[in-house]
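Engineer: Take a look at this one; I'll ask things after.
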Amino acid sequence: TKTLAGKVAIVTGGSRGIGAGIAQRLAAAGATVAITYNSSAERAETVTKSIGEAGGTAVALRVDAADREAVRAGVAEVVERFGRLDILVNNAGVTVVGPVESISEADYDRNLAVNLTAVFMASQEALRHLGDGGRIITIGSINADRIHFGGGSVYALTKAGVAGLTRALAREVSGRGITVNTVQPGPVDTDMNPADSPFAEITRPHIAVGRYGTAGEVGSLVTYLAGPDAAYISGATINVDGGFAA
Ligand code: NDP
């Protein structure tokens, strides 16, 4: 059933990986979806095309999440184009892995800009437009709660940051009928975390379900949270991690 018919959604970083899976699921539920990307223009087009072929509606916008003005303008552009905004999914993310002594300031700054500051800026702009039934869903990471390797300091701090931001925003805006939640994936097979890498070998033993997850498995949870049945879930941190944190 088209639980999201008539809704307009933004998915940041929708050109690949988890964001593409989320965009596909939201569109299948009837939402009009705007995906953003930074460098993967062709892959973004492939995503919007496949959504179109499946009978949905999607557009792609180049919005560098590290550029806060562009982030705000991107949200405003979607509202201008479609006349409304119902769902913001903050998904775009980057990571830097390495011993804490080796983390450069440039990598630190970029991780904070994309994973944390962009989430704040996009949410701030979206809240000017979201009405009753509005949704902000941010893709955090199970690594905010449990980290099974040394070398994820910056990544974990950004993902813990969005979970805190989510709770504060939920407290502030839920009375307007807008819910704000964090979805924390565990290991999901994407370019960021391929299921066939050496990192996957050390990671898989920690996954209770015994395998990597798929982008669609994150997308289905996000689609549920975006819909009317999830109106009483706000300020939550929900794991979709195959029992990684169990
Ligand atoms: P990928 O690296 O596969 O994809 C990242 C996406 O984010 C791409 O669409 C990319 O677009 C976009 N992106 C990156 N930087 C920018 C930027 N500056 N501006 C706009 N878009 C940008 O990552 P995943 O799909 O694996 O991750 C998606 C989210 O899920 C991230 O927040 C990640 O931290 C989180 N996550 C992932 C897990 C995993 O195991 N895969 C586990 C837990 C959380 P483009 O190529 O166009 O730049």
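We label chains A, B, ... in the order they appear in the structure tokens, count residues from 1 in each chain, and number ligands from 1 in the order shown.
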Give me the residues within 8 Å of region 127-143 of chain A as a VMD selection string, counting only C-alpha atoms and dropping any in the same chain fewer than 4 places off.

Structural biologist: chain A and resid 79 84 to 91 119 123 147 155 to 156 159 to 160 162 to 163 166 176 to 186 222 225 to 226 228 231 239 241 244 to 245

Engineer: List as a list in words the protein and nucleic acid residues near Val71 (chain A), meaning an atom at most 8 Å away when only C-alpha atoms are counted, but skip any in the same chain fewer than 4 places from it.

Structural biologist: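 Result of the neighbour search: Val63, Asp64, Ala65, Ala66, Asp67, Val75, Ala118, Met121 and Ala122 of chain A.
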
Engineer: Excluding region 106-110 of chain A and residues on its chain fewer than 3 positions from it, collect all residues at most 8 Å away from it, counting only C-alpha atoms, and give them as a ChimeraX atom specification.

Structural biologist: /A:66,96,103,113-114,154

Engineer: I'd like to know which of A:Thr158, A:Gln124, A:Thr223, A:Thr190 is closest to Glu172 (chain A), using only C-alpha atoms.

Structural biologist: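 Using only C-alpha atoms, the shortest distance to Glu172 (chain A) belongs to A:Gln124.
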
Engineer: Taking into account only C-alpha atoms, which residue in the set A:Ala9, A:Leu61, A:Ile238, A:Ser174 is nearest to Ala23 (chain A)?

Structural biologist: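 Smallest distance to Ala23 (chain A) is found for A:Ala9.
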
Engineer: Of the candidates A:Ala170, A:Ile233, A:Ala76, A:Ile18, which one gets nearest to ligand 1 if we count only C-alpha atoms and all ligand atoms?

Structural biologist: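 Result for the nearest residue to ligand 1: A:Ile18.
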
Engineer: What's around Ile202 (chain A) at 12 Å? Count only C-alpha atoms, leave out sequence neighbours fewer than 6 positions away in its own chain, and write the answer as a PyMOL selection string.

Structural biologist: chain A and resi 147-150+187+195-196

Engineer: Rank nothing, just name the residue among A:Arg62, A:Lys7, A:Arg25, A:Lys49 nearest to ligand 1, using only C-alpha atoms and all ligand atoms.

Structural biologist: A:Arg62

Engineer: Which of these residues is nearest to ligand 1, using only C-alpha atoms and all ligand atoms: A:Pro194, A:Gly55, A:Gly227, A:Pro99?

Structural biologist: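 Looking only at the distances to ligand 1, the closest residue turns out to be A:Pro194.
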
Engineer: What gap, in Å, lies between CA of Val59 (chain A) and atom 26 (O, counted along the ligand's line) of ligand 1?

Structural biologist: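 Interatomic distance here is 20.8 Å.
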
Engineer: Would you please work out which residue, of A:Thr3, A:Asn111, A:Asn193, A:Ser104, is nearest to ligand 1 when using only C-alpha atoms and all ligand atoms?

Structural biologist: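 Answer, going by the shortest atom-to-atom distance: A:Asn193.
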
Engineer: So which bits of region 18-243 of chain A end up strand (DSSP E or B) when you DSSP the backbone, as a count of residues only?

Structural biologist: 34
